[in-house]
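These notes concern the structure reproduced below.
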Amino acid sequence: MDVEILDGGAFIAQRVNDAGDGPEAAPLTRIADLYTRALWHQLTEELKTMVAANPPAISGLTALYSSFIKEFEAKLNPVSLVYILIDIAATDYAEKPTEAIDFLSITNKPVIETDTEAHILMLSELAHLHLAAGDTDQASALLGTARSLVESSSELAAAIHSAFYRVASEYHKRMGTAAEFYRNALQLLAYTPVDSLPPVEQLQLAFDVAIAAVVGEDIYNFGEVLSHAVVTALAGTEHAWLHQLLVAFQAGDLGAFDSVCASAASVMNTQPALVAGADFIRQKVTLCALMTLATGGGQGGGGVLSFSAIAESCRLPVEEVDFLVMRALSLGLVSGVMDGVDQKLTVTRVQPRVVGREAVGGMAQRLDAWCGSLDGTVKFLEGESVGLVN
């Protein structure tokens, strides 16, 4: 990467002169004027706008950095500087991740590393480029450093969170770690305005998140993912079956689950993750059915559950219920005491879940019924007390 290094003022003056009356003359003249007057904030914003344009307002961006911006980069906002560098790398080294990494490596590290947000942004971009170059080990190391900064910082801009979680999601998708991809993708959705994502990217992200939710080993709360507009939008697409599958998991509805699997079998069989995890997925939705029953969402649910009631709701032979219950207890999905002799489960707690309006309505009805029962008990006791006193 051989670039002739000139004095910043001389370099920009030469670029203005070379531009003549061409399209680059106006933006270069504005840059030269702001540089001469040492208006660093305005110069930063002008540079950001120019290099982010598609195509950029001026050419030769690597030379612009090496011979001009580098001279005064310590005076610029560090986060803005990183955005400028990322856009330069994306333009001059498109589809050349190794060269882009080399370019970003020549930047002023102290200027960037002393600012937490700028440092996270740069680490995230370098991790993205290493992934593109096929170096997952280095990408993992960079993401580890960035994550420690993210988790130890209380006031980061949403855009910084978004940049980090985008690359973290990309990494875990590449590595096939579904649960970690799911968690990072949900964070990405939390910090990223949906309308800032192209429609195609929205649909792909929603699809990937939904698949990860279904196959992720320790994911039993589907209310959060179903609350995101980008995921609910699946309902109106060719992937509507996947949204229906999530709804079935959230409700613990084995009938709905079987119906979706039957109607969408040909599509589901094209998804390697679903095919490979078929047995686990069935066990998972059965555990969701047990959770629904334990919260009172099924016939005879809540409180003390007989094995026969569990077998009926979870569509299992009675002799397989104890294994299901032990599995639910070991995962912390429910807490309580299992009595193998009397074949019952006394539920004391169910893992909290994000629920929709319908589920909240059901809880309200059960609470009203409980309050009515309690009121009847109180009145009965009051009547009995009067008799005792008399």
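Residues are named by chain letter and number: chains run A, B, ... in the order of the structure tokens, numbers start at 1 in each chain, and ligands are numbered from 1 in the order shown.
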
As a ChimeraX atom specification, please: all residues of stretch 283-344 of chain A that backbone DSSP puts in strand (DSSP E or B). /A:304-306,334-339,344

For stretch 162-174 of chain A, list every protein, DNA or RNA residue within 9 Å, evaluated using only C-alpha atoms, and leave out those in the same chain fewer than 3 positions away; present the list as a PyMOL selection string. chain A and resi 120-121+123-125+127-128+131+136+139-140+143+146-147+150+157-159+177-192+208

Go through A:Val200, A:Leu290, A:Ile31, A:Ala276 and flag the residue nearest A:Leu316, using only C-alpha atoms for the distances. A:Leu290

Using the chain letters and numbers from this document, which residues of stretch 196-255 of chain A does DSSP assign to alpha helix (DSSP H), as a ChimeraX atom specification? /A:199-215,223-226,229-232,240-251,254-255

Enumerate, in order of chain and increasing residue number, the residues of stretch 260-364 of chain A with an atom no farther than 12 Å from stretch 214-224 of chain A, each with its shortest atom pair and distance in Å to one decimal, counting only C-alpha atoms, as a tab-separated table.
```
residue	atom	partner	partner_atom	distance
A:Met268	CA	A:Val214	CA	11.9
A:Gln271	CA	A:Val215	CA	11.2
A:Pro272	CA	A:Val215	CA	10.8
A:Ala273	CA	A:Val215	CA	7.0
A:Leu274	CA	A:Val215	CA	6.9
A:Val275	CA	A:Val215	CA	10.1
A:Ala276	CA	A:Val215	CA	9.4
A:Gly277	CA	A:Val215	CA	6.6
A:Ala278	CA	A:Val215	CA	8.7
A:Asp279	CA	A:Val215	CA	10.4
A:Phe280	CA	A:Val215	CA	7.7
A:Ile281	CA	A:Val215	CA	6.4
A:Arg282	CA	A:Val214	CA	10.0
A:Gln283	CA	A:Glu217	CA	10.8
A:Lys284	CA	A:Tyr220	CA	7.7
A:Val285	CA	A:Tyr220	CA	8.6
A:Thr286	CA	A:Tyr220	CA	10.8
A:Leu287	CA	A:Tyr220	CA	8.4
A:Cys288	CA	A:Tyr220	CA	6.9
A:Ala289	CA	A:Tyr220	CA	10.6
A:Leu290	CA	A:Tyr220	CA	11.4
A:Met291	CA	A:Tyr220	CA	9.4
A:Thr292	CA	A:Tyr220	CA	11.3
A:Ala328	CA	A:Tyr220	CA	10.7
A:Ser330	CA	A:Asp218	CA	11.6
A:Leu331	CA	A:Asp218	CA	8.1
A:Gly332	CA	A:Asp218	CA	10.2
A:Leu333	CA	A:Tyr220	CA	8.1
A:Val334	CA	A:Tyr220	CA	11.5
A:Val350	CA	A:Tyr220	CA	11.4
A:Gln351	CA	A:Asn221	CA	8.8
A:Pro352	CA	A:Asn221	CA	8.1
A:Arg353	CA	A:Asn221	CA	5.4
A:Val354	CA	A:Gly223	CA	4.5
A:Val355	CA	A:Gly223	CA	5.2
A:Gly356	CA	A:Gly223	CA	6.7
A:Arg357	CA	A:Gly223	CA	10.5
A:Glu358	CA	A:Gly223	CA	11.6
A:Ala359	CA	A:Gly223	CA	10.3
A:Val360	CA	A:Gly223	CA	11.8
```

Do a neighbour search on A:Thr114 at 12 Å with only C-alpha atoms, toss out local chain neighbours closer than 6 positions, and write the hits as a list in words. Ala74, Asn77, Pro78, Val79, Asn108, Ile120, Met122 and Leu149 of chain A

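Between atom CA of A:Pro27 and atom CA of A:Ser59 lies a distance of 11.1 Å.
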